[in-house]
>>> print(open('run_39.cif').read())   # mmCIF, C-alpha atoms
data_work
#
loop_
_atom_site.group_PDB
_atom_site.id
_atom_site.type_symbol
_atom_site.label_atom_id
_atom_site.label_comp_id
_atom_site.auth_asym_id
_atom_site.auth_seq_id
_atom_site.Cartn_x
_atom_site.Cartn_y
_atom_site.Cartn_z
ATOM 1 C CA MET A 1 17.944 3.783 -14.980
ATOM 2 C CA THR A 2 18.765 1.212 -12.345
ATOM 3 C CA HIS A 3 16.261 1.079 -9.509
ATOM 4 C CA LEU A 4 16.627 -0.755 -6.220
ATOM 5 C CA VAL A 5 13.328 -2.077 -4.891
ATOM 6 C CA LEU A 6 13.316 -3.436 -1.356
ATOM 7 C CA GLY A 7 10.504 -5.912 -0.746
ATOM 8 C CA ALA A 8 8.376 -8.004 -3.101
ATOM 9 C CA GLY A 9 4.964 -7.591 -1.504
ATOM 10 C CA PRO A 10 2.070 -6.245 -3.572
ATOM 11 C CA ILE A 11 3.579 -2.756 -3.838
ATOM 12 C CA GLY A 12 7.168 -3.852 -4.473
ATOM 13 C CA THR A 13 6.087 -6.401 -7.083
ATOM 14 C CA THR A 14 3.825 -3.943 -8.910
ATOM 15 C CA LEU A 15 6.520 -1.278 -8.859
ATOM 16 C CA ALA A 16 9.286 -3.616 -10.055
ATOM 17 C CA LEU A 17 7.205 -4.905 -12.963
ATOM 18 C CA ARG A 18 6.129 -1.411 -13.977
ATOM 19 C CA LEU A 19 9.744 -0.247 -14.051
ATOM 20 C CA ALA A 20 10.921 -3.341 -15.921
ATOM 21 C CA GLU A 21 8.166 -3.145 -18.511
ATOM 22 C CA ARG A 22 9.134 0.410 -19.424
ATOM 23 C CA GLY A 23 12.751 -0.652 -19.974
ATOM 24 C CA ASP A 24 14.507 0.161 -16.706
ATOM 25 C CA HIS A 25 16.790 -2.226 -14.856
ATOM 26 C CA VAL A 26 15.457 -3.350 -11.470
ATOM 27 C CA ARG A 27 17.376 -4.847 -8.598
ATOM 28 C CA LEU A 28 14.763 -6.472 -6.347
ATOM 29 C CA MET A 29 16.005 -7.453 -2.902
ATOM 30 C CA THR A 30 14.158 -9.776 -0.546
ATOM 31 C CA ARG A 31 15.219 -12.174 2.201
ATOM 32 C CA SER A 32 14.431 -15.189 0.026
ATOM 33 C CA GLY A 33 15.274 -13.830 -3.417
ATOM 34 C CA SER A 34 11.608 -14.093 -4.414
ATOM 35 C CA GLY A 35 9.771 -11.845 -6.834
ATOM 36 C CA PRO A 36 8.372 -11.710 -10.358
ATOM 37 C CA ASP A 37 10.192 -13.215 -13.336
ATOM 38 C CA HIS A 38 11.279 -10.616 -15.868
ATOM 39 C CA ARG A 39 14.457 -10.262 -17.897
ATOM 40 C CA ALA A 40 14.947 -6.712 -16.566
ATOM 41 C CA ILE A 41 14.572 -7.740 -12.910
ATOM 42 C CA ASP A 42 17.553 -9.100 -10.986
ATOM 43 C CA ARG A 43 16.354 -10.782 -7.819
ATOM 44 C CA VAL A 44 18.928 -10.678 -5.064
ATOM 45 C CA VAL A 45 18.946 -12.163 -1.585
ATOM 46 C CA GLY A 46 19.380 -9.687 1.243
ATOM 47 C CA ASP A 47 17.861 -8.503 4.481
ATOM 48 C CA ALA A 48 16.629 -4.913 4.603
ATOM 49 C CA THR A 49 17.735 -4.791 8.254
ATOM 50 C CA ASP A 50 21.340 -5.645 7.326
ATOM 51 C CA SER A 51 23.300 -2.449 6.616
ATOM 52 C CA GLU A 52 25.921 -4.186 4.488
ATOM 53 C CA ALA A 53 23.306 -5.929 2.383
ATOM 54 C CA VAL A 54 21.400 -2.686 1.797
ATOM 55 C CA GLU A 55 24.521 -0.708 0.916
ATOM 56 C CA ARG A 56 25.707 -3.453 -1.428
ATOM 57 C CA ALA A 57 22.354 -3.576 -3.207
ATOM 58 C CA ALA A 58 22.200 0.224 -3.480
ATOM 59 C CA ARG A 59 25.523 0.568 -5.308
ATOM 60 C CA GLY A 60 24.967 2.035 -8.738
ATOM 61 C CA ALA A 61 21.219 2.540 -8.225
ATOM 62 C CA GLU A 62 19.744 5.844 -9.322
ATOM 63 C CA ALA A 63 16.659 5.528 -7.129
ATOM 64 C CA ILE A 64 15.635 3.392 -4.160
ATOM 65 C CA HIS A 65 12.076 2.303 -3.393
ATOM 66 C CA HIS A 66 11.611 1.081 0.168
ATOM 67 C CA CYS A 67 8.568 -1.238 0.127
ATOM 68 C CA ILE A 68 9.081 -3.516 3.114
ATOM 69 C CA HIS A 69 6.551 -4.379 5.795
ATOM 70 C CA ALA A 70 6.926 -5.070 9.490
ATOM 71 C CA THR A 71 6.716 -8.680 10.620
ATOM 72 C CA ALA A 72 3.403 -8.115 12.402
ATOM 73 C CA TYR A 73 0.415 -5.774 12.179
ATOM 74 C CA ARG A 74 1.129 -4.334 15.601
ATOM 75 C CA ALA A 75 2.278 -0.900 16.705
ATOM 76 C CA HIS A 76 5.084 -2.224 18.893
ATOM 77 C CA ALA A 77 6.442 -4.300 15.971
ATOM 78 C CA TRP A 78 6.303 -1.272 13.708
ATOM 79 C CA ARG A 79 8.083 0.852 16.329
ATOM 80 C CA ARG A 80 10.758 -1.795 16.855
ATOM 81 C CA GLU A 81 11.439 -2.650 13.219
ATOM 82 C CA LEU A 82 10.564 0.127 10.793
ATOM 83 C CA PRO A 83 12.564 3.160 12.012
ATOM 84 C CA ALA A 84 15.769 1.114 12.161
ATOM 85 C CA ALA A 85 15.249 -0.295 8.667
ATOM 86 C CA GLU A 86 14.514 3.141 7.256
ATOM 87 C CA ARG A 87 17.653 4.602 8.825
ATOM 88 C CA LEU A 88 19.689 1.983 6.964
ATOM 89 C CA VAL A 89 18.140 2.752 3.592
ATOM 90 C CA LEU A 90 18.483 6.502 4.130
ATOM 91 C CA ARG A 91 22.146 6.036 4.990
ATOM 92 C CA ALA A 92 22.682 3.976 1.830
ATOM 93 C CA ALA A 93 20.866 6.604 -0.245
ATOM 94 C CA GLU A 94 23.047 9.343 1.222
ATOM 95 C CA ARG A 95 26.164 7.363 0.331
ATOM 96 C CA GLU A 96 24.926 6.986 -3.266
ATOM 97 C CA GLY A 97 23.372 10.443 -3.487
ATOM 98 C CA VAL A 98 19.992 9.154 -4.673
ATOM 99 C CA VAL A 99 16.313 9.620 -3.891
ATOM 100 C CA VAL A 100 14.260 7.233 -1.753
ATOM 101 C CA THR A 101 10.528 6.724 -2.244
ATOM 102 C CA PHE A 102 8.283 5.150 0.359
ATOM 103 C CA PRO A 103 4.705 3.902 -0.019
ATOM 104 C CA GLU A 104 2.685 5.361 2.823
ATOM 105 C CA SER A 105 -0.765 4.969 4.380
ATOM 106 C CA LEU A 106 -3.233 7.548 5.663
ATOM 107 C CA TYR A 107 -2.876 6.288 9.237
ATOM 108 C CA GLY A 108 -0.915 9.355 10.302
ATOM 109 C CA LEU A 109 -3.704 11.695 9.155
ATOM 110 C CA ASP A 110 -6.842 9.743 9.901
ATOM 111 C CA ALA A 111 -8.055 11.890 12.815
ATOM 112 C CA ALA A 112 -7.808 15.064 10.703
ATOM 113 C CA PRO A 113 -10.805 16.661 8.965
ATOM 114 C CA GLN A 114 -11.795 15.061 5.674
ATOM 115 C CA PRO A 115 -11.168 14.870 2.826
ATOM 116 C CA PHE A 116 -7.533 14.219 3.683
ATOM 117 C CA THR A 117 -5.024 16.174 1.606
ATOM 118 C CA GLU A 118 -1.241 16.303 1.404
ATOM 119 C CA THR A 119 -1.293 19.275 3.794
ATOM 120 C CA SER A 120 -3.667 17.773 6.379
ATOM 121 C CA ALA A 121 -2.497 17.977 9.972
ATOM 122 C CA ARG A 122 -0.709 14.828 11.051
ATOM 123 C CA THR A 123 -3.186 13.715 13.639
ATOM 124 C CA PRO A 124 -3.185 9.932 14.012
ATOM 125 C CA GLY A 125 -6.155 8.131 15.474
ATOM 126 C CA SER A 126 -4.199 5.077 16.630
ATOM 127 C CA ALA A 127 -0.873 3.889 18.021
ATOM 128 C CA LYS A 128 0.009 2.551 14.575
ATOM 129 C CA GLY A 129 -0.745 5.956 13.104
ATOM 130 C CA ALA A 130 1.610 7.583 15.602
ATOM 131 C CA VAL A 131 4.424 5.372 14.291
ATOM 132 C CA ARG A 132 3.662 6.520 10.737
ATOM 133 C CA VAL A 133 3.884 10.180 11.799
ATOM 134 C CA ASP A 134 7.318 9.604 13.311
ATOM 135 C CA LEU A 135 8.495 7.793 10.168
ATOM 136 C CA LEU A 136 7.372 10.693 7.994
ATOM 137 C CA ALA A 137 9.207 13.182 10.201
ATOM 138 C CA ALA A 138 12.433 11.152 10.107
ATOM 139 C CA ARG A 139 12.323 10.865 6.304
ATOM 140 C CA GLU A 140 11.773 14.587 5.870
ATOM 141 C CA ALA A 141 14.681 15.364 8.215
ATOM 142 C CA ALA A 142 17.072 13.084 6.304
ATOM 143 C CA PRO A 143 19.963 14.608 4.318
ATOM 144 C CA VAL A 144 18.656 13.037 1.090
ATOM 145 C CA ARG A 145 15.558 13.650 -0.993
ATOM 146 C CA THR A 146 12.681 11.457 0.124
ATOM 147 C CA VAL A 147 9.158 11.143 -1.184
ATOM 148 C CA SER A 148 6.378 9.378 0.732
ATOM 149 C CA VAL A 149 3.400 8.528 -1.494
ATOM 150 C CA ALA A 150 0.295 7.875 0.567
ATOM 151 C CA ALA A 151 -2.515 5.654 -0.640
ATOM 152 C CA SER A 152 -5.812 4.665 0.871
ATOM 153 C CA ASP A 153 -6.758 0.978 1.027
ATOM 154 C CA TYR A 154 -5.462 -0.424 -2.230
ATOM 155 C CA PHE A 155 -6.739 -3.000 -4.688
ATOM 156 C CA GLY A 156 -5.555 -4.477 -7.962
ATOM 157 C CA PRO A 157 -3.384 -7.350 -9.195
ATOM 158 C CA PHE A 158 -1.116 -8.784 -6.471
ATOM 159 C CA ALA A 159 -3.274 -7.281 -3.693
ATOM 160 C CA ARG A 160 -4.154 -10.388 -1.745
ATOM 161 C CA THR A 161 -4.602 -10.852 2.007
ATOM 162 C CA THR A 162 -3.140 -7.455 2.901
ATOM 163 C CA ALA A 163 -5.955 -5.664 1.054
ATOM 164 C CA HIS A 164 -9.509 -5.328 2.382
ATOM 165 C CA ALA A 165 -10.701 -5.060 -1.219
ATOM 166 C CA GLY A 166 -8.556 -8.020 -2.268
ATOM 167 C CA GLU A 167 -8.899 -11.649 -1.301
ATOM 168 C CA ARG A 168 -11.423 -11.097 1.490
ATOM 169 C CA MET A 169 -13.817 -9.427 -0.931
ATOM 170 C CA ILE A 170 -13.106 -11.050 -4.299
ATOM 171 C CA VAL A 171 -12.669 -14.745 -3.497
ATOM 172 C CA PRO A 172 -16.088 -15.136 -1.810
ATOM 173 C CA LEU A 173 -17.669 -13.165 -4.644
ATOM 174 C CA LEU A 174 -16.212 -15.465 -7.311
ATOM 175 C CA ARG A 175 -17.342 -18.511 -5.338
ATOM 176 C CA GLY A 176 -20.898 -17.254 -4.900
ATOM 177 C CA ARG A 177 -20.528 -16.820 -1.164
ATOM 178 C CA THR A 178 -21.359 -14.024 1.253
ATOM 179 C CA VAL A 179 -18.919 -11.103 1.353
ATOM 180 C CA ARG A 180 -18.056 -9.975 4.887
ATOM 181 C CA PRO A 181 -16.531 -6.491 4.849
ATOM 182 C CA LEU A 182 -15.414 -4.663 7.968
ATOM 183 C CA GLY A 183 -17.427 -1.866 9.522
ATOM 184 C CA SER A 184 -20.136 -0.386 7.348
ATOM 185 C CA ALA A 185 -20.768 -1.405 3.751
ATOM 186 C CA ASP A 186 -22.381 1.976 3.086
ATOM 187 C CA GLN A 187 -19.861 4.603 4.180
ATOM 188 C CA PRO A 188 -17.849 6.434 1.482
ATOM 189 C CA HIS A 189 -14.293 5.110 1.380
ATOM 190 C CA SER A 190 -11.368 5.937 -0.901
ATOM 191 C CA PHE A 191 -9.743 2.976 -2.641
ATOM 192 C CA THR A 192 -6.415 3.360 -4.472
ATOM 193 C CA TYR A 193 -5.604 1.241 -7.519
ATOM 194 C CA LEU A 194 -2.205 -0.331 -6.876
ATOM 195 C CA PRO A 195 -0.660 0.484 -10.304
ATOM 196 C CA ASP A 196 -1.564 4.153 -9.744
ATOM 197 C CA LEU A 197 0.410 4.139 -6.493
ATOM 198 C CA ALA A 198 3.405 2.567 -8.257
ATOM 199 C CA GLU A 199 3.281 5.075 -11.112
ATOM 200 C CA ALA A 200 3.159 7.994 -8.680
ATOM 201 C CA MET A 201 6.233 6.666 -6.861
ATOM 202 C CA ILE A 202 8.111 6.376 -10.178
ATOM 203 C CA ARG A 203 7.143 9.867 -11.346
ATOM 204 C CA ALA A 204 8.014 11.392 -7.977
ATOM 205 C CA ALA A 205 11.448 9.738 -7.985
ATOM 206 C CA GLU A 206 12.159 11.191 -11.421
ATOM 207 C CA ASP A 207 11.111 14.745 -10.562
ATOM 208 C CA PRO A 208 13.864 16.481 -8.550
ATOM 209 C CA HIS A 209 11.334 19.011 -7.284
ATOM 210 C CA CYS A 210 9.221 16.371 -5.534
ATOM 211 C CA SER A 211 9.771 15.684 -1.859
ATOM 212 C CA GLY A 212 7.829 15.165 1.348
ATOM 213 C CA LEU A 213 4.317 13.716 1.398
ATOM 214 C CA LEU A 214 2.362 13.187 -1.819
ATOM 215 C CA PHE A 215 -0.865 11.293 -2.507
ATOM 216 C CA ALA A 216 -1.310 8.449 -4.962
ATOM 217 C CA PRO A 217 -3.897 9.316 -7.643
ATOM 218 C CA THR A 218 -7.155 8.043 -6.215
ATOM 219 C CA GLY A 219 -10.615 8.273 -7.734
ATOM 220 C CA PRO A 220 -13.846 9.386 -6.068
ATOM 221 C CA ALA A 221 -14.757 7.514 -2.910
ATOM 222 C CA CYS A 222 -17.288 4.710 -3.130
ATOM 223 C CA THR A 223 -18.856 2.401 -0.589
ATOM 224 C CA GLN A 224 -17.787 -1.186 -0.078
ATOM 225 C CA ARG A 225 -21.221 -2.232 -1.325
ATOM 226 C CA GLU A 226 -20.672 -0.290 -4.553
ATOM 227 C CA LEU A 227 -17.219 -1.800 -5.040
ATOM 228 C CA VAL A 228 -18.567 -5.330 -4.566
ATOM 229 C CA ALA A 229 -21.255 -4.601 -7.181
ATOM 230 C CA ARG A 230 -18.575 -3.371 -9.611
ATOM 231 C CA TYR A 231 -16.526 -6.516 -9.017
ATOM 232 C CA ALA A 232 -19.585 -8.686 -9.630
ATOM 233 C CA ALA A 233 -20.398 -6.894 -12.884
ATOM 234 C CA ALA A 234 -16.813 -7.299 -14.095
ATOM 235 C CA ALA A 235 -16.850 -10.992 -13.177
ATOM 236 C CA GLY A 236 -20.252 -11.606 -14.752
ATOM 237 C CA VAL A 237 -21.683 -13.033 -11.543
ATOM 238 C CA PRO A 238 -24.676 -12.036 -9.401
ATOM 239 C CA VAL A 239 -24.040 -9.462 -6.717
ATOM 240 C CA PRO A 240 -23.432 -11.561 -3.606
ATOM 241 C CA ARG A 241 -25.028 -11.167 -0.239
ATOM 242 C CA ILE A 242 -23.125 -8.629 1.878
ATOM 243 C CA ARG A 243 -23.031 -9.035 5.637
ATOM 244 C CA PRO A 244 -20.533 -6.723 7.365
ATOM 245 C CA ILE A 245 -18.678 -8.085 10.371
ATOM 246 C CA PRO A 246 -20.043 -6.134 13.357
ATOM 247 C CA GLY A 247 -17.513 -3.846 14.972
ATOM 248 C CA ALA A 248 -18.786 -4.873 18.377
ATOM 249 C CA ALA A 249 -17.845 -8.485 17.651
ATOM 250 C CA ILE A 250 -14.312 -7.527 16.598
ATOM 251 C CA ARG A 251 -13.872 -5.349 19.684
ATOM 252 C CA ALA A 252 -15.131 -8.143 21.919
ATOM 253 C CA LEU A 253 -12.717 -10.627 20.361
ATOM 254 C CA GLY A 254 -9.987 -8.052 20.815
ATOM 255 C CA LEU A 255 -10.288 -8.473 24.561
ATOM 256 C CA ILE A 256 -8.829 -11.962 24.240
ATOM 257 C CA GLN A 257 -7.105 -12.020 20.821
ATOM 258 C CA ARG A 258 -4.229 -9.675 20.080
ATOM 259 C CA ASP A 259 -4.726 -9.654 16.295
ATOM 260 C CA MET A 260 -8.391 -8.730 16.703
ATOM 261 C CA ARG A 261 -7.409 -5.955 19.104
ATOM 262 C CA GLU A 262 -5.056 -4.501 16.488
ATOM 263 C CA LEU A 263 -7.812 -4.676 13.877
ATOM 264 C CA ALA A 264 -10.361 -3.124 16.223
ATOM 265 C CA GLU A 265 -8.060 -0.143 16.716
ATOM 266 C CA MET A 266 -8.545 0.759 13.038
ATOM 267 C CA LEU A 267 -12.306 0.195 12.759
ATOM 268 C CA HIS A 268 -12.951 3.934 12.725
ATOM 269 C CA GLN A 269 -11.646 3.925 9.153
ATOM 270 C CA TRP A 270 -14.475 1.584 8.118
ATOM 271 C CA GLU A 271 -17.334 2.663 10.346
ATOM 272 C CA ARG A 272 -17.166 6.316 9.248
ATOM 273 C CA PRO A 273 -16.300 8.082 5.986
ATOM 274 C CA PHE A 274 -12.658 7.736 4.959
ATOM 275 C CA VAL A 275 -12.009 10.014 2.014
ATOM 276 C CA MET A 276 -8.854 11.455 0.447
ATOM 277 C CA ASP A 277 -8.358 14.144 -2.208
ATOM 278 C CA SER A 278 -5.303 13.545 -4.411
ATOM 279 C CA SER A 279 -5.904 16.386 -6.867
ATOM 280 C CA ALA A 280 -2.833 18.405 -5.799
ATOM 281 C CA THR A 281 -0.440 15.528 -6.446
ATOM 282 C CA GLU A 282 -2.214 14.638 -9.681
ATOM 283 C CA ALA A 283 -1.571 18.166 -10.960
ATOM 284 C CA LEU A 284 2.043 18.078 -9.763
ATOM 285 C CA LEU A 285 2.877 14.733 -11.404
ATOM 286 C CA GLY A 286 0.595 14.982 -14.423
ATOM 287 C CA LEU A 287 -1.307 11.837 -13.453
ATOM 288 C CA LYS A 288 -4.932 10.796 -13.158
ATOM 289 C CA PRO A 289 -6.393 7.779 -11.356
ATOM 290 C CA THR A 290 -7.280 4.832 -13.541
ATOM 291 C CA ASP A 291 -10.975 4.711 -14.390
ATOM 292 C CA LEU A 292 -12.668 2.550 -11.757
ATOM 293 C CA ASP A 293 -14.339 0.204 -14.238
ATOM 294 C CA THR A 294 -11.017 -0.389 -15.990
ATOM 295 C CA ALA A 295 -9.232 -0.977 -12.680
ATOM 296 C CA VAL A 296 -11.925 -3.391 -11.484
ATOM 297 C CA GLU A 297 -11.950 -5.338 -14.752
ATOM 298 C CA THR A 298 -8.159 -5.707 -14.696
ATOM 299 C CA THR A 299 -8.280 -6.837 -11.077
ATOM 300 C CA ILE A 300 -10.949 -9.454 -11.714
ATOM 301 C CA ALA A 301 -9.091 -10.727 -14.795
ATOM 302 C CA TRP A 302 -5.955 -11.186 -12.672
ATOM 303 C CA TRP A 303 -7.900 -13.102 -10.024
ATOM 304 C CA ARG A 304 -9.439 -15.315 -12.713
ATOM 305 C CA ASP A 305 -5.919 -16.144 -13.903
ATOM 306 C CA GLN A 306 -4.853 -16.954 -10.360
ATOM 307 C CA GLN A 307 -7.760 -19.343 -9.942
ATOM 308 C CA ARG A 308 -6.860 -21.115 -13.189
#
>>> encode(input="run_39.cif", output="structure tokens")
Amino acid sequence: MTHLVLGAGPIGTTLALRLAERGDHVRLMTRSGSGPDHRAIDRVVGDATDSEAVERAARGAEAIHHCIHATAYRAHAWRRELPAAERLVLRAAEREGVVVTFPESLYGLDAAPQPFTETSARTPGSAKGAVRVDLLAAREAAPVRTVSVAASDYFGPFARTTAHAGERMIVPLLRGRTVRPLGSADQPHSFTYLPDLAEAMIRAAEDPHCSGLLFAPTGPACTQRELVARYAAAAGVPVPRIRPIPGAAIRALGLIQRDMRELAEMLHQWERPFVMDSSATEALLGLKPTDLDTAVETTIAWWRDQQR
């Protein structure tokens, strides 16, 4: 198959490599032509907000994976940029008659009762979550098959600054410094292994019966303190000191700093339990989440390579 992947962030990169390594041809489009080196990956330059560029890249593709991000972590930027970009990719998919998969977050469900499931009421607890709900509705109303695969906070190779369990947690740990997670270090929180999200998107694209909202295979929830301890064991280093950043401090900074205000809006996900149940999608796709110890060891090995 030929797959078009839009965006080479952590999700797009993981997805493109997974497809290439199993023998598929990947067309990876970014503004700069960046992305991983692989003989089965053709990196092309194009802007996902340019209709001609998207339609040109989509020609001959049998599936499209829309993995772009907004230019800022702000609700107004999401509202301004994301619906328009998704309309373009849906139009291109309709022209080609192919499926579109989208990685999705739990933002649109996070005020619903837990554990979150694929059928949870779409009740966002933030302005950013409200944007996600509208995006889901527009995809499901499109005249092509779409699949949105929701993950909780992800970790794994390529998950750097955009992941709470990535650089902010692992780099201090490897350097013997204090780890400063958000919210509480002792509330149960679901973490999705990035390759499991990519595999679910691939399987869902291949299954003509899959559509709507699915969940990436995600193991049992753990606390941030437990995850740090697992990372330390995998790295062969002492468990570092853990000092969460107080929510009150982030909210206070949010009064004068826009980025802190946007972060403060999502603190409820870290100060209280945040748990998803992906068992329905696992049964549908025939997938299971990667064992946590295996996922953690692979993640730490990748970070060790990056440091070298």
>>> resolve_selection(input="run_39.cif", expression="the PyMOL selection byres ((chain A and resi 273-283) around 9)", output="PDB file with C-alpha atoms, keeping the file's coordinate frame")
ATOM      1  CA  LEU A 106      -3.233   7.548   5.663  1.00  0.00           C
ATOM      2  CA  ASP A 110      -6.842   9.743   9.901  1.00  0.00           C
ATOM      3  CA  GLN A 114     -11.795  15.061   5.674  1.00  0.00           C
ATOM      4  CA  PRO A 115     -11.168  14.870   2.826  1.00  0.00           C
ATOM      5  CA  PHE A 116      -7.533  14.219   3.683  1.00  0.00           C
ATOM      6  CA  THR A 117      -5.024  16.174   1.606  1.00  0.00           C
ATOM      7  CA  GLU A 118      -1.241  16.303   1.404  1.00  0.00           C
ATOM      8  CA  ALA A 151      -2.515   5.654  -0.640  1.00  0.00           C
ATOM      9  CA  SER A 152      -5.812   4.665   0.871  1.00  0.00           C
ATOM     10  CA  GLN A 187     -19.861   4.603   4.180  1.00  0.00           C
ATOM     11  CA  PRO A 188     -17.849   6.434   1.482  1.00  0.00           C
ATOM     12  CA  HIS A 189     -14.293   5.110   1.380  1.00  0.00           C
ATOM     13  CA  SER A 190     -11.368   5.937  -0.901  1.00  0.00           C
ATOM     14  CA  PHE A 191      -9.743   2.976  -2.641  1.00  0.00           C
ATOM     15  CA  ALA A 200       3.159   7.994  -8.680  1.00  0.00           C
ATOM     16  CA  LEU A 214       2.362  13.187  -1.819  1.00  0.00           C
ATOM     17  CA  PHE A 215      -0.865  11.293  -2.507  1.00  0.00           C
ATOM     18  CA  ALA A 216      -1.310   8.449  -4.962  1.00  0.00           C
ATOM     19  CA  PRO A 217      -3.897   9.316  -7.643  1.00  0.00           C
ATOM     20  CA  THR A 218      -7.155   8.043  -6.215  1.00  0.00           C
ATOM     21  CA  GLY A 219     -10.615   8.273  -7.734  1.00  0.00           C
ATOM     22  CA  PRO A 220     -13.846   9.386  -6.068  1.00  0.00           C
ATOM     23  CA  ALA A 221     -14.757   7.514  -2.910  1.00  0.00           C
ATOM     24  CA  HIS A 268     -12.951   3.934  12.725  1.00  0.00           C
ATOM     25  CA  GLN A 269     -11.646   3.925   9.153  1.00  0.00           C
ATOM     26  CA  TRP A 270     -14.475   1.584   8.118  1.00  0.00           C
ATOM     27  CA  GLU A 271     -17.334   2.663  10.346  1.00  0.00           C
ATOM     28  CA  ARG A 272     -17.166   6.316   9.248  1.00  0.00           C
ATOM     29  CA  LEU A 284       2.043  18.078  -9.763  1.00  0.00           C
ATOM     30  CA  LEU A 285       2.877  14.733 -11.404  1.00  0.00           C
ATOM     31  CA  GLY A 286       0.595  14.982 -14.423  1.00  0.00           C
ATOM     32  CA  LEU A 287      -1.307  11.837 -13.453  1.00  0.00           C
ATOM     33  CA  LYS A 288      -4.932  10.796 -13.158  1.00  0.00           C
ATOM     34  CA  PRO A 289      -6.393   7.779 -11.356  1.00  0.00           C
TER      35      PRO A 289
END
>>> atom_distance(input="run_39.cif", atom1="CA of Arg59 (chain A)", atom2="CA of Ala85 (chain A)")
17.4 Å
>>> atom_distance(input="run_39.cif", atom1="CA of Glu96 (chain A)", atom2="CA of Val133 (chain A)")
26.1 Å
>>> resolve_selection(input="run_39.cif", expression="the PyMOL selection byres ((chain A and resi 54) around 12)", output="number ranges by chain")
A: 4-7, 27-31, 44-53, 55-59, 61, 64-66, 85-93, 95-96
>>> write_last_selection(input="run_39.cif", atoms="C-alpha atoms", output="short mmCIF file (atom, residue, chain, number, x, y, z; two decimals), keeping the file's coordinate frame")
data_model
loop_
_atom_site.label_atom_id
_atom_site.label_comp_id
_atom_site.auth_asym_id
_atom_site.auth_seq_id
_atom_site.Cartn_x
_atom_site.Cartn_y
_atom_site.Cartn_z
CA LEU A 4 16.63 -0.76 -6.22
CA VAL A 5 13.33 -2.08 -4.89
CA LEU A 6 13.32 -3.44 -1.36
CA GLY A 7 10.50 -5.91 -0.75
CA ARG A 27 17.38 -4.85 -8.60
CA LEU A 28 14.76 -6.47 -6.35
CA MET A 29 16.00 -7.45 -2.90
CA THR A 30 14.16 -9.78 -0.55
CA ARG A 31 15.22 -12.17 2.20
CA VAL A 44 18.93 -10.68 -5.06
CA VAL A 45 18.95 -12.16 -1.58
CA GLY A 46 19.38 -9.69 1.24
CA ASP A 47 17.86 -8.50 4.48
CA ALA A 48 16.63 -4.91 4.60
CA THR A 49 17.74 -4.79 8.25
CA ASP A 50 21.34 -5.64 7.33
CA SER A 51 23.30 -2.45 6.62
CA GLU A 52 25.92 -4.19 4.49
CA ALA A 53 23.31 -5.93 2.38
CA GLU A 55 24.52 -0.71 0.92
CA ARG A 56 25.71 -3.45 -1.43
CA ALA A 57 22.35 -3.58 -3.21
CA ALA A 58 22.20 0.22 -3.48
CA ARG A 59 25.52 0.57 -5.31
CA ALA A 61 21.22 2.54 -8.22
CA ILE A 64 15.64 3.39 -4.16
CA HIS A 65 12.08 2.30 -3.39
CA HIS A 66 11.61 1.08 0.17
CA ALA A 85 15.25 -0.30 8.67
CA GLU A 86 14.51 3.14 7.26
CA ARG A 87 17.65 4.60 8.82
CA LEU A 88 19.69 1.98 6.96
CA VAL A 89 18.14 2.75 3.59
CA LEU A 90 18.48 6.50 4.13
CA ARG A 91 22.15 6.04 4.99
CA ALA A 92 22.68 3.98 1.83
CA ALA A 93 20.87 6.60 -0.24
CA ARG A 95 26.16 7.36 0.33
CA GLU A 96 24.93 6.99 -3.27
#
>>> closest_residue(input="run_39.cif", among="A:Thr2, A:Met260, A:Arg22, A:Gly9", to="Phe158 (chain A)", atoms="all atoms listed in the file")
A:Gly9
>>> atom_distance(input="run_39.cif", atom1="CA of Tyr73 (chain A)", atom2="CA of Leu213 (chain A)")
22.6 Å
>>> resolve_selection(input="run_39.cif", expression="the PyMOL selection byres ((chain A and resi 303) around 12)", output="ChimeraX atom specification")
/A:155-160,166-167,169-175,231,234-235,296-302,304-308
>>> residues_around(input="run_39.cif", residues="Ile41 (chain A)", least_positions_apart="2", cutoff="12 Å", atoms="all atoms listed in the file", output="number ranges by chain")
A: 2-5, 8, 12-13, 15-29, 33-39, 43-44
>>> closest_residue(input="run_39.cif", among="A:Glu104, A:Asp153, A:Asp207, A:Glu226", to="Arg132 (chain A)", atoms="all atoms listed in the file")
A:Glu104
>>> axis_aligned_box(input="run_39.cif", around="region 136-145 of chain A", padding_each_side="3 Å", output="JSON")
{"center_x": 13.7, "center_y": 13.0, "center_z": 4.6, "size_x": 18.6, "size_y": 10.7, "size_z": 17.2}
>>> closest_residue(input="run_39.cif", among="A:Leu255, A:Thr101, A:Asp42, A:Thr192", to="Tyr154 (chain A)", atoms="all atoms listed in the file")
A:Thr192
>>> closest_residue(input="run_39.cif", among="A:Ala77, A:Leu253, A:Ala295, A:Ala70", to="Pro195 (chain A)", atoms="only C-alpha atoms")
A:Ala295
>>> residues_around(input="run_39.cif", residues="Leu263 (chain A)", least_positions_apart="3", cutoff="10 Å", atoms="only C-alpha atoms", output="list in words")
Tyr73, Arg74, Leu182, Gly247, Ile250, Arg251, Gly254, Arg258, Asp259, Met260, Met266 and Leu267 of chain A
>>> closest_residue(input="run_39.cif", among="A:Gly129, A:Pro246, A:Gly176, A:Pro113", to="Trp78 (chain A)", atoms="only C-alpha atoms")
A:Gly129
>>> residues_around(input="run_39.cif", residues="Glu206 (chain A)", least_positions_apart="5", cutoff="9 Å", atoms="all atoms listed in the file", output="PyMOL selection string")
chain A and resi 63+99+201
